[in-house]
file model14.txt (compact mmCIF, C-alpha atoms)
# COMPACT_ATOMS: atom_id res chain seq x y z
CA MET W 1 -102.69 17.81 22.54
CA ARG W 2 -104.39 17.69 19.13
CA VAL W 3 -106.03 20.93 17.96
CA CYS W 4 -108.04 21.94 14.88
CA LEU W 5 -108.14 25.63 13.95
CA LEU W 6 -111.11 26.57 11.73
CA ALA W 7 -111.37 29.69 9.51
CA PRO W 8 -112.99 30.73 6.21
CA SER W 9 -109.62 31.15 4.44
CA LEU W 10 -106.11 32.47 4.99
CA GLU W 11 -106.57 35.87 3.40
CA ALA W 12 -104.33 38.63 4.75
CA GLY W 13 -106.48 39.71 7.69
CA GLY W 14 -105.66 40.14 11.35
CA ALA W 15 -107.54 37.06 12.53
CA GLU W 16 -106.06 34.91 9.77
CA ARG W 17 -102.52 36.07 10.58
CA GLN W 18 -102.97 35.27 14.27
CA LEU W 19 -104.33 31.82 13.38
CA THR W 20 -101.26 31.17 11.21
CA LEU W 21 -98.86 32.31 13.94
CA LEU W 22 -100.68 30.24 16.56
CA ALA W 23 -100.72 27.11 14.39
CA ASN W 24 -96.97 27.36 13.79
CA GLY W 25 -96.27 28.10 17.45
CA LEU W 26 -98.29 25.14 18.74
CA ALA W 27 -96.66 22.83 16.18
CA ARG W 28 -93.21 23.98 17.32
CA ARG W 29 -94.20 23.04 20.86
CA GLY W 30 -94.97 19.49 19.78
CA HIS W 31 -98.77 19.59 19.48
CA GLY W 32 -100.73 18.05 16.62
CA VAL W 33 -102.19 20.96 14.63
CA ASP W 34 -104.73 20.86 11.81
CA VAL W 35 -105.95 23.98 10.00
CA ALA W 36 -109.35 23.49 8.35
CA LEU W 37 -110.49 26.15 5.86
CA PHE W 38 -113.83 26.72 4.20
CA ARG W 39 -111.77 27.41 1.06
CA ARG W 40 -108.08 26.93 0.40
CA LEU W 41 -107.41 30.59 -0.40
CA GLY W 42 -105.12 33.40 0.69
CA PRO W 43 -101.50 34.54 0.73
CA LEU W 44 -100.96 33.25 4.26
CA LEU W 45 -101.20 29.63 3.05
CA GLY W 46 -97.51 29.82 2.27
CA GLU W 47 -96.68 30.84 5.84
CA LEU W 48 -97.91 27.65 7.50
CA GLY W 49 -94.86 25.89 8.81
CA PRO W 50 -93.79 22.24 9.10
CA GLY W 51 -95.98 20.10 11.29
CA VAL W 52 -99.19 21.99 10.44
CA ARG W 53 -101.64 19.94 8.36
CA LEU W 54 -104.01 21.79 6.04
CA HIS W 55 -107.52 20.58 5.19
CA ASP W 56 -109.76 22.15 2.53
CA LEU W 57 -113.51 21.79 3.24
CA GLY W 58 -114.36 22.85 -0.32
CA LYS W 59 -117.20 25.18 0.68
CA GLY W 60 -119.17 26.55 -2.27
CA GLY W 61 -121.43 29.60 -2.20
CA ARG W 62 -123.37 31.08 0.70
CA GLY W 63 -126.04 28.36 0.55
CA ASP W 64 -123.60 25.44 0.62
CA VAL W 65 -124.12 23.74 3.99
CA ARG W 66 -122.66 20.41 2.89
CA PHE W 67 -119.28 21.59 4.13
CA LEU W 68 -120.63 21.01 7.66
CA TRP W 69 -120.90 17.31 6.86
CA ARG W 70 -117.31 17.30 5.56
CA LEU W 71 -116.13 19.17 8.66
CA TRP W 72 -117.94 16.71 10.95
CA ARG W 73 -116.31 13.73 9.21
CA PHE W 74 -112.89 15.36 9.41
CA LEU W 75 -113.26 16.11 13.12
CA ARG W 76 -114.51 12.61 13.90
CA ARG W 77 -111.51 11.08 12.13
CA GLY W 78 -109.07 13.48 13.73
CA ARG W 79 -110.14 12.92 17.34
CA HIS W 80 -109.11 16.45 18.27
CA ASP W 81 -108.98 17.61 21.86
CA CYS W 82 -110.13 21.11 20.84
CA LEU W 83 -111.79 22.80 17.89
CA TYR W 84 -110.77 26.49 17.92
CA THR W 85 -112.90 28.60 15.57
CA PHE W 86 -111.93 32.00 14.19
CA LEU W 87 -114.53 34.62 13.09
CA GLY W 88 -118.32 34.59 13.17
CA VAL W 89 -119.40 31.95 10.65
CA PRO W 90 -116.81 29.39 11.84
CA ASN W 91 -118.02 30.07 15.40
CA ILE W 92 -121.57 29.27 14.26
CA ALA W 93 -120.41 26.13 12.43
CA GLY W 94 -118.62 24.89 15.54
CA ALA W 95 -121.69 25.52 17.70
CA LEU W 96 -123.97 23.61 15.31
CA LEU W 97 -121.62 20.61 15.35
CA ARG W 98 -120.92 20.76 19.08
CA PRO W 99 -123.34 17.97 20.11
CA PHE W 100 -121.94 15.63 17.43
CA ILE W 101 -118.18 15.94 18.00
CA ARG W 102 -117.89 15.13 21.70
CA PRO W 103 -115.58 14.74 23.51
CA THR W 104 -113.85 17.42 21.41
CA ARG W 105 -114.04 20.75 23.23
CA LEU W 106 -115.24 23.85 21.38
CA VAL W 107 -113.36 27.15 21.70
CA TRP W 108 -114.56 30.36 20.04
CA SER W 109 -112.52 33.44 19.25
CA VAL W 110 -113.79 37.03 19.56
CA ARG W 111 -111.78 39.41 17.35
CA ALA W 112 -113.82 42.64 17.42
CA SER W 113 -115.54 44.94 19.90
CA ASN W 114 -118.35 47.43 19.28
CA MET W 115 -119.30 46.55 15.70
CA ASP W 116 -121.86 48.81 14.05
CA MET W 117 -123.69 46.15 12.07
CA ARG W 118 -125.91 48.76 10.40
CA GLN W 119 -122.97 49.40 8.08
CA TYR W 120 -123.01 45.84 6.73
CA SER W 121 -125.18 43.52 4.68
CA ARG W 122 -128.33 41.77 5.85
CA ALA W 123 -126.48 38.43 5.71
CA ALA W 124 -123.71 39.77 7.98
CA ARG W 125 -126.27 41.10 10.45
CA ALA W 126 -128.10 37.76 10.44
CA ALA W 127 -124.86 35.87 11.11
CA ARG W 128 -124.07 38.16 14.04
CA PHE W 129 -127.59 37.60 15.45
CA VAL W 130 -127.22 33.81 15.22
CA GLU W 131 -123.73 33.88 16.75
CA GLU W 132 -125.02 35.79 19.78
CA ARG W 133 -127.86 33.28 20.23
CA LEU W 134 -125.40 30.35 20.18
CA ALA W 135 -122.91 31.87 22.61
CA ALA W 136 -123.69 29.29 25.30
CA ALA W 137 -122.36 26.46 23.11
CA PRO W 138 -118.55 26.86 23.41
CA ASP W 139 -116.62 25.55 26.39
CA LEU W 140 -114.33 28.58 26.21
CA ILE W 141 -114.39 31.95 24.42
CA VAL W 142 -111.07 33.72 23.86
CA ALA W 143 -111.14 37.46 23.14
CA ASN W 144 -108.04 39.19 21.82
CA ALA W 145 -108.87 42.41 23.68
CA GLU W 146 -110.46 43.51 26.94
CA ALA W 147 -112.79 45.73 24.89
CA GLY W 148 -113.88 42.71 22.88
CA LYS W 149 -114.66 40.76 26.04
CA ARG W 150 -116.70 43.61 27.53
CA CYS W 151 -118.72 44.02 24.34
CA ALA W 152 -119.34 40.27 24.04
CA VAL W 153 -120.60 40.06 27.62
CA GLU W 154 -122.93 43.01 26.96
CA HIS W 155 -124.38 41.01 24.05
CA GLY W 156 -125.08 37.92 26.12
CA PHE W 157 -121.84 35.94 25.92
CA PRO W 158 -121.19 34.05 29.20
CA ALA W 159 -118.59 36.03 31.16
CA GLY W 160 -117.54 32.98 33.18
CA ARG W 161 -116.33 31.19 30.05
CA MET W 162 -114.35 34.10 28.63
CA ALA W 163 -110.61 34.77 28.70
CA VAL W 164 -108.44 37.43 27.08
CA VAL W 165 -105.26 36.67 25.15
CA PRO W 166 -103.83 39.71 23.35
CA ASN W 167 -102.48 39.15 19.86
CA GLY W 168 -98.80 38.33 19.45
CA ILE W 169 -96.48 40.23 17.11
CA ASP W 170 -93.67 38.41 15.30
CA THR W 171 -90.77 40.77 15.99
CA ASP W 172 -88.45 38.62 13.87
CA VAL W 173 -90.52 39.65 10.83
CA PHE W 174 -91.47 43.17 11.89
CA PHE W 175 -88.38 45.12 12.91
CA PRO W 176 -86.82 48.54 12.17
CA ASP W 177 -85.25 48.64 8.71
CA ARG W 178 -85.63 52.10 7.22
CA GLY W 179 -83.99 50.99 3.99
CA ALA W 180 -86.52 48.19 3.37
CA GLY W 181 -88.59 50.01 0.79
CA ASP W 182 -91.10 52.72 0.03
CA VAL W 183 -94.86 52.72 -0.53
CA TRP W 184 -94.97 56.01 -2.40
CA PRO W 185 -95.68 55.41 -6.12
CA ASP W 186 -93.06 57.93 -7.23
CA PRO W 187 -90.45 58.47 -4.47
CA ALA W 188 -88.88 61.34 -6.41
CA ARG W 189 -92.09 63.36 -5.98
CA ARG W 190 -92.68 62.57 -2.33
CA GLY W 191 -90.47 65.35 -1.04
CA ASP W 192 -88.74 65.63 2.31
CA GLY W 193 -91.80 65.90 4.55
CA PRO W 194 -93.08 63.21 6.89
CA LEU W 195 -95.08 60.34 5.42
CA VAL W 196 -98.23 59.45 7.37
CA GLY W 197 -99.95 56.20 6.44
CA VAL W 198 -103.22 54.40 7.07
CA VAL W 199 -102.93 50.61 6.78
CA GLY W 200 -106.21 48.74 6.62
CA ARG W 201 -108.85 47.41 4.30
CA ILE W 202 -111.30 49.82 2.68
CA ASP W 203 -114.25 49.22 5.00
CA PRO W 204 -116.78 51.44 6.83
CA MET W 205 -115.24 50.63 10.23
CA LYS W 206 -111.78 51.92 9.29
CA GLY W 207 -112.65 55.63 9.22
CA HIS W 208 -110.83 56.63 6.04
CA GLU W 209 -113.11 59.62 5.44
CA VAL W 210 -112.25 61.04 8.87
CA PHE W 211 -108.57 60.56 8.09
CA LEU W 212 -108.94 62.46 4.81
CA ARG W 213 -110.50 65.41 6.63
CA ALA W 214 -107.69 65.35 9.19
CA ALA W 215 -105.13 65.09 6.36
CA ALA W 216 -106.47 68.27 4.77
CA MET W 217 -105.92 70.10 8.06
CA LEU W 218 -102.45 68.59 8.44
CA ALA W 219 -101.53 69.79 4.94
CA GLU W 220 -102.28 73.36 5.97
CA ALA W 221 -100.09 73.05 9.09
CA LEU W 222 -97.23 71.11 7.43
CA PRO W 223 -96.99 71.91 3.69
CA ALA W 224 -94.39 69.17 3.09
CA ILE W 225 -96.43 66.34 4.66
CA ARG W 226 -97.51 63.39 2.50
CA PHE W 227 -100.04 60.61 3.02
CA VAL W 228 -100.56 57.04 1.84
CA CYS W 229 -103.47 54.61 2.25
CA VAL W 230 -102.51 50.93 2.03
CA GLY W 231 -105.10 48.18 1.64
CA GLY W 232 -107.75 46.79 -0.67
CA GLY W 233 -111.43 46.23 -0.08
CA ASP W 234 -114.76 47.78 -1.05
CA ALA W 235 -114.28 49.16 -4.59
CA SER W 236 -117.31 51.47 -4.51
CA LEU W 237 -116.27 52.92 -1.15
CA LEU W 238 -112.74 53.42 -2.48
CA GLU W 239 -114.07 55.41 -5.43
CA ARG W 240 -116.07 57.64 -3.08
CA LEU W 241 -113.00 58.17 -0.91
CA ARG W 242 -110.90 59.12 -3.93
CA ARG W 243 -113.47 61.73 -4.94
CA ARG W 244 -113.58 63.02 -1.36
CA ALA W 245 -109.79 63.34 -1.31
CA ASP W 246 -109.89 65.38 -4.50
CA ASP W 247 -112.63 67.62 -3.07
CA LEU W 248 -110.44 68.25 -0.03
CA GLY W 249 -107.53 69.30 -2.26
CA LEU W 250 -105.19 66.49 -1.22
CA GLY W 251 -104.24 65.77 -4.84
CA GLU W 252 -100.71 64.46 -5.22
CA ARG W 253 -100.09 64.60 -1.47
CA LEU W 254 -102.05 61.36 -1.13
CA ALA W 255 -101.20 57.98 -2.67
CA TRP W 256 -103.54 54.98 -2.78
CA ALA W 257 -101.16 52.02 -2.63
CA GLY W 258 -103.77 49.24 -2.69
CA ARG W 259 -103.12 45.87 -1.16
CA ARG W 260 -99.48 45.09 -0.35
CA ASP W 261 -97.86 41.86 0.76
CA ASP W 262 -94.53 43.43 1.81
CA MET W 263 -95.86 44.84 5.07
CA PRO W 264 -92.52 45.20 6.92
CA ALA W 265 -91.34 47.43 4.06
CA VAL W 266 -94.60 49.39 4.20
CA TYR W 267 -94.29 50.16 7.90
CA ASN W 268 -90.61 51.06 7.62
CA ALA W 269 -91.44 53.60 4.92
CA LEU W 270 -93.73 55.52 7.28
CA ASP W 271 -92.87 58.26 9.72
CA LEU W 272 -96.18 57.72 11.49
CA CYS W 273 -98.90 55.08 11.26
CA CYS W 274 -102.49 56.23 11.78
CA LEU W 275 -105.50 54.06 12.65
CA PRO W 276 -108.65 56.26 12.34
CA SER W 277 -111.20 53.49 12.98
CA LEU W 278 -114.74 54.41 14.00
CA PHE W 279 -115.73 51.13 15.70
CA GLY W 280 -115.16 47.40 15.74
CA GLU W 281 -111.48 47.09 16.60
CA GLY W 282 -110.33 44.55 19.16
CA PHE W 283 -106.54 44.30 19.16
CA PRO W 284 -105.39 46.19 16.03
CA ASN W 285 -102.54 44.17 14.52
CA VAL W 286 -101.60 47.16 12.38
CA LEU W 287 -100.55 49.14 15.44
CA GLY W 288 -98.54 46.27 16.92
CA GLU W 289 -96.73 45.56 13.64
CA ALA W 290 -95.92 49.23 13.02
CA MET W 291 -94.68 49.65 16.59
CA ALA W 292 -92.49 46.56 16.24
CA CYS W 293 -90.87 48.34 13.27
CA GLY W 294 -90.16 51.32 15.52
CA VAL W 295 -92.87 53.51 13.97
CA PRO W 296 -94.90 55.81 16.29
CA CYS W 297 -98.68 55.46 16.00
CA VAL W 298 -101.78 57.58 16.41
CA ALA W 299 -105.13 55.81 16.76
CA THR W 300 -108.69 56.50 17.69
CA ASP W 301 -109.81 55.22 21.07
CA VAL W 302 -111.50 52.07 19.76
CA GLY W 303 -110.94 48.56 21.08
CA ASP W 304 -107.67 48.17 23.00
CA ALA W 305 -105.77 50.69 20.84
CA ALA W 306 -105.05 53.06 23.74
CA ALA W 307 -103.72 50.25 25.96
CA LEU W 308 -101.55 48.98 23.13
CA ILE W 309 -99.99 52.34 22.24
CA GLY W 310 -99.30 53.41 25.82
CA GLY W 311 -96.77 56.23 25.91
CA THR W 312 -95.36 55.56 22.45
CA GLY W 313 -97.88 57.68 20.51
CA ALA W 314 -101.27 59.32 20.95
CA VAL W 315 -105.00 58.55 20.92
CA ALA W 316 -107.93 60.66 19.69
CA PRO W 317 -111.71 60.22 19.98
CA PRO W 318 -113.25 58.33 17.04
CA GLY W 319 -114.94 60.41 14.35
CA ASP W 320 -113.16 63.66 15.29
CA PRO W 321 -110.83 64.88 12.49
CA GLU W 322 -109.71 67.96 14.45
CA ALA W 323 -108.58 65.82 17.39
CA LEU W 324 -106.94 63.34 15.04
CA CYS W 325 -105.02 66.15 13.32
CA ALA W 326 -103.84 67.49 16.69
CA ALA W 327 -102.73 64.03 17.82
CA VAL W 328 -100.68 63.51 14.65
CA LEU W 329 -99.01 66.92 14.98
CA GLU W 330 -98.21 66.27 18.64
CA THR W 331 -96.78 62.82 17.95
CA LEU W 332 -94.64 63.98 15.02
CA ALA W 333 -93.23 66.76 17.20
CA ARG W 334 -92.53 64.45 20.13
CA ALA W 335 -90.90 61.89 17.83
CA ARG W 336 -88.67 64.61 16.37
CA ASP W 337 -87.66 65.81 19.85
CA GLY W 338 -87.12 62.32 21.28
CA GLY W 339 -90.06 62.58 23.65
CA LEU W 340 -91.71 59.23 22.87
CA ALA W 341 -91.15 55.88 24.55
CA ASP W 342 -89.70 53.18 22.31
CA PRO W 343 -92.62 51.46 20.54
CA ARG W 344 -90.65 48.32 19.67
CA ALA W 345 -89.54 47.80 23.26
CA ARG W 346 -93.19 47.95 24.35
CA ILE W 347 -94.22 45.28 21.85
CA MET W 348 -91.37 42.98 22.81
CA ALA W 349 -92.14 43.35 26.51
CA GLU W 350 -95.94 43.12 26.43
CA TYR W 351 -97.16 41.58 23.16
CA SER W 352 -94.64 39.01 22.02
CA LEU W 353 -95.56 36.09 19.81
CA GLU W 354 -94.34 33.56 22.37
CA ALA W 355 -96.54 35.09 25.07
CA MET W 356 -99.63 34.73 22.85
CA VAL W 357 -98.82 31.11 21.98
CA GLY W 358 -98.03 30.21 25.59
CA ARG W 359 -101.22 31.73 27.00
CA THR W 360 -103.37 30.10 24.34
CA GLU W 361 -101.65 26.74 24.81
CA ALA W 362 -102.41 26.84 28.54
CA LEU W 363 -106.08 27.71 27.96
CA LEU W 364 -106.59 25.02 25.32
CA ALA W 365 -104.87 22.39 27.46
CA GLY W 366 -107.00 23.29 30.46
CA THR W 367 -110.18 23.19 28.37
CA ALA W 368 -109.20 19.82 26.89
CA ARG W 369 -108.86 18.45 30.43
CA GLY W 370 -112.36 19.73 31.24
CA ARG W 371 -111.33 22.65 33.41
call {"tool": "encode", "arguments": {"input": "model14.txt", "output": "structure tokens"}}
result
Amino acid sequence: MRVCLLAPSLEAGGAERQLTLLANGLARRGHGVDVALFRRLGPLLGELGPGVRLHDLGKGGRGDVRFLWRLWRFLRRGRHDCLYTFLGVPNIAGALLRPFIRPTRLVWSVRASNMDMRQYSRAARAARFVEERLAAAPDLIVANAEAGKRCAVEHGFPAGRMAVVPNGIDTDVFFPDRGAGDVWPDPARRGDGPLVGVVGRIDPMKGHEVFLRAAAMLAEALPAIRFVCVGGGDASLLERLRRRADDLGLGERLAWAGRRDDMPAVYNALDLCCLPSLFGEGFPNVLGEAMACGVPCVATDVGDAAALIGGTGAVAPPGDPEALCAAVLETLARARDGGLADPRARIMAEYSLEAMVGRTEALLAGTARGR
């Protein structure tokens, strides 16, 4: 089977990481794999393995549609069995080219659930509108979460063409290693209390402000507790969050670590990983990676977070700092007393990398045969 995976870039996002893992996994299984990018950018470029061919479409600014011509020529030369598109604009690009690349089959990915598009730009809202109107074009739509599938169907995606393949976690990369490193800027000042971290880009969907309010409550209950936020993103939102943290009196309890590329070390430095998202999550990679490192997690009930965590942590309603604070306190206490199921064992049993590659391989092969 010959497959082309299409994405804007290989920046360090959840969809991009899953694309990279899938490309490597399919290549290991003997398939011909091309990765086509709008722009050759991102730290994950270096993680593409042998047998994966990379193609740069050289897309310019937002108004550059000539890359569609370059993509069409590339696909016609490649004679791919399937074009598998990741994220909204690549999905749209694939749908626009669908009549001109036959017999290549088109497969879309759905990586989010209940997105609140009011929080985003007019261009992002327009792209989402167009994607929904083109949802009849693909031969198959693969969601990475049951919540993502339900939301897509509610917005007009054809249920009969949808399948769910949960993300896969590379447990050879993410594993318990408490000596791997520390994300606290000055470890000498961290103290002996638990370190609770939020890992995720600075974005309206991620709920950082709710976490800060919960952190202020946690600081009253556990004076030695410390917090860290890991991830880059919206600079203006980050500045507002910093001011909010100061207003809440978090001060030196909270570190802003920015973007990090040593994520196994980040997770292993934490005593608990928190995902306070308000909306939009499908399968949160952050939870799976932290759990693979043996770190208990607390998340809001968004996307498939609750199904992923199971009995290894706790879940709180989105937007509720009091409930989030209580869930963190409960999970820290249960972890201390040995009352939590092993998070790494759950990932290895239910969300392995090989399971994700195998399920996707079967779906792509069936679609290529016209099933």
call {"tool": "atom_distance", "arguments": {"input": "model14.txt", "atom1": "atom CA of Asp304 of chain W", "atom2": "atom CA of Glu281 of chain W"}}
result
7.5 Å
call {"tool": "residues_near_point", "arguments": {"input": "model14.txt", "point": "(-117.6, 28.4, 0.0)", "cutoff": "12 Å", "atoms": "only C-alpha atoms", "output": "list in words"}}
result
Ala7, Pro8, Ser9, Leu37, Phe38, Arg39, Arg40, Leu41, Asp56, Leu57, Gly58, Lys59, Gly60, Gly61, Arg62, Gly63, Asp64, Val65, Arg66, Phe67, Leu68, Val89 and Pro90 of chain W
call {"tool": "closest_residue", "arguments": {"input": "model14.txt", "among": "W:Val228, W:Ala112, W:Asp261, W:Gly30", "to": "Leu44 of chain W", "atoms": "only C-alpha atoms"}}
result
W:Asp261
call {"tool": "residues_around", "arguments": {"input": "model14.txt", "residues": "Pro284 of chain W", "least_positions_apart": "5", "cutoff": "8 Å", "atoms": "all atoms listed in the file", "output": "PDB file with C-alpha atoms, in the coordinates of the input"}}
result
ATOM      1  CA  GLY W  14    -105.660  40.140  11.350  1.00  0.00           C
ATOM      2  CA  GLY W 303    -110.940  48.560  21.080  1.00  0.00           C
ATOM      3  CA  ASP W 304    -107.670  48.170  23.000  1.00  0.00           C
ATOM      4  CA  ALA W 305    -105.770  50.690  20.840  1.00  0.00           C
TER       5      ALA W 305
END
call {"tool": "axis_aligned_box", "arguments": {"input": "model14.txt", "around": "segment 213-219 of chain W", "padding_each_side": "4 Å", "output": "AutoDock Vina command-line options"}}
result
--center_x -106.0 --center_y 67.6 --center_z 7.0 --size_x 17.0 --size_y 13.0 --size_z 12.4
call {"tool": "residues_around", "arguments": {"input": "model14.txt", "residues": "segment 332-336 of chain W", "least_positions_apart": "5", "cutoff": "12 Å", "atoms": "all atoms listed in the file", "output": "list in words"}}
result
Gly193, Pro194, Leu195, Val196, Leu218, Leu222, Ile225, Leu270, Asp271, Leu272, Cys273, Cys274, Gly294, Val295, Pro296, Cys297, Val298, Gly311, Thr312, Gly313, Ala314, Cys325, Ala326, Ala327, Ala341, Asp342 and Pro343 of chain W
call {"tool": "write_last_selection", "arguments": {"input": "model14.txt", "atoms": "C-alpha atoms", "output": "PDB file, in the frame of the given file"}}
result
ATOM      1  CA  GLY W 193     -91.800  65.900   4.550  1.00  0.00           C
ATOM      2  CA  PRO W 194     -93.080  63.210   6.890  1.00  0.00           C
ATOM      3  CA  LEU W 195     -95.080  60.340   5.420  1.00  0.00           C
ATOM      4  CA  VAL W 196     -98.230  59.450   7.370  1.00  0.00           C
ATOM      5  CA  LEU W 218    -102.450  68.590   8.440  1.00  0.00           C
ATOM      6  CA  LEU W 222     -97.230  71.110   7.430  1.00  0.00           C
ATOM      7  CA  ILE W 225     -96.430  66.340   4.660  1.00  0.00           C
ATOM      8  CA  LEU W 270     -93.730  55.520   7.280  1.00  0.00           C
ATOM      9  CA  ASP W 271     -92.870  58.260   9.720  1.00  0.00           C
ATOM     10  CA  LEU W 272     -96.180  57.720  11.490  1.00  0.00           C
ATOM     11  CA  CYS W 273     -98.900  55.080  11.260  1.00  0.00           C
ATOM     12  CA  CYS W 274    -102.490  56.230  11.780  1.00  0.00           C
ATOM     13  CA  GLY W 294     -90.160  51.320  15.520  1.00  0.00           C
ATOM     14  CA  VAL W 295     -92.870  53.510  13.970  1.00  0.00           C
ATOM     15  CA  PRO W 296     -94.900  55.810  16.290  1.00  0.00           C
ATOM     16  CA  CYS W 297     -98.680  55.460  16.000  1.00  0.00           C
ATOM     17  CA  VAL W 298    -101.780  57.580  16.410  1.00  0.00           C
ATOM     18  CA  GLY W 311     -96.770  56.230  25.910  1.00  0.00           C
ATOM     19  CA  THR W 312     -95.360  55.560  22.450  1.00  0.00           C
ATOM     20  CA  GLY W 313     -97.880  57.680  20.510  1.00  0.00           C
ATOM     21  CA  ALA W 314    -101.270  59.320  20.950  1.00  0.00           C
ATOM     22  CA  CYS W 325    -105.020  66.150  13.320  1.00  0.00           C
ATOM     23  CA  ALA W 326    -103.840  67.490  16.690  1.00  0.00           C
ATOM     24  CA  ALA W 327    -102.730  64.030  17.820  1.00  0.00           C
ATOM     25  CA  ALA W 341     -91.150  55.880  24.550  1.00  0.00           C
ATOM     26  CA  ASP W 342     -89.700  53.180  22.310  1.00  0.00           C
ATOM     27  CA  PRO W 343     -92.620  51.460  20.540  1.00  0.00           C
TER      28      PRO W 343
END
call {"tool": "closest_residue", "arguments": {"input": "model14.txt", "among": "W:Arg2, W:Arg259, W:Lys149, W:Arg242", "to": "Arg77 of chain W", "atoms": "all atoms listed in the file"}}
result
W:Arg2
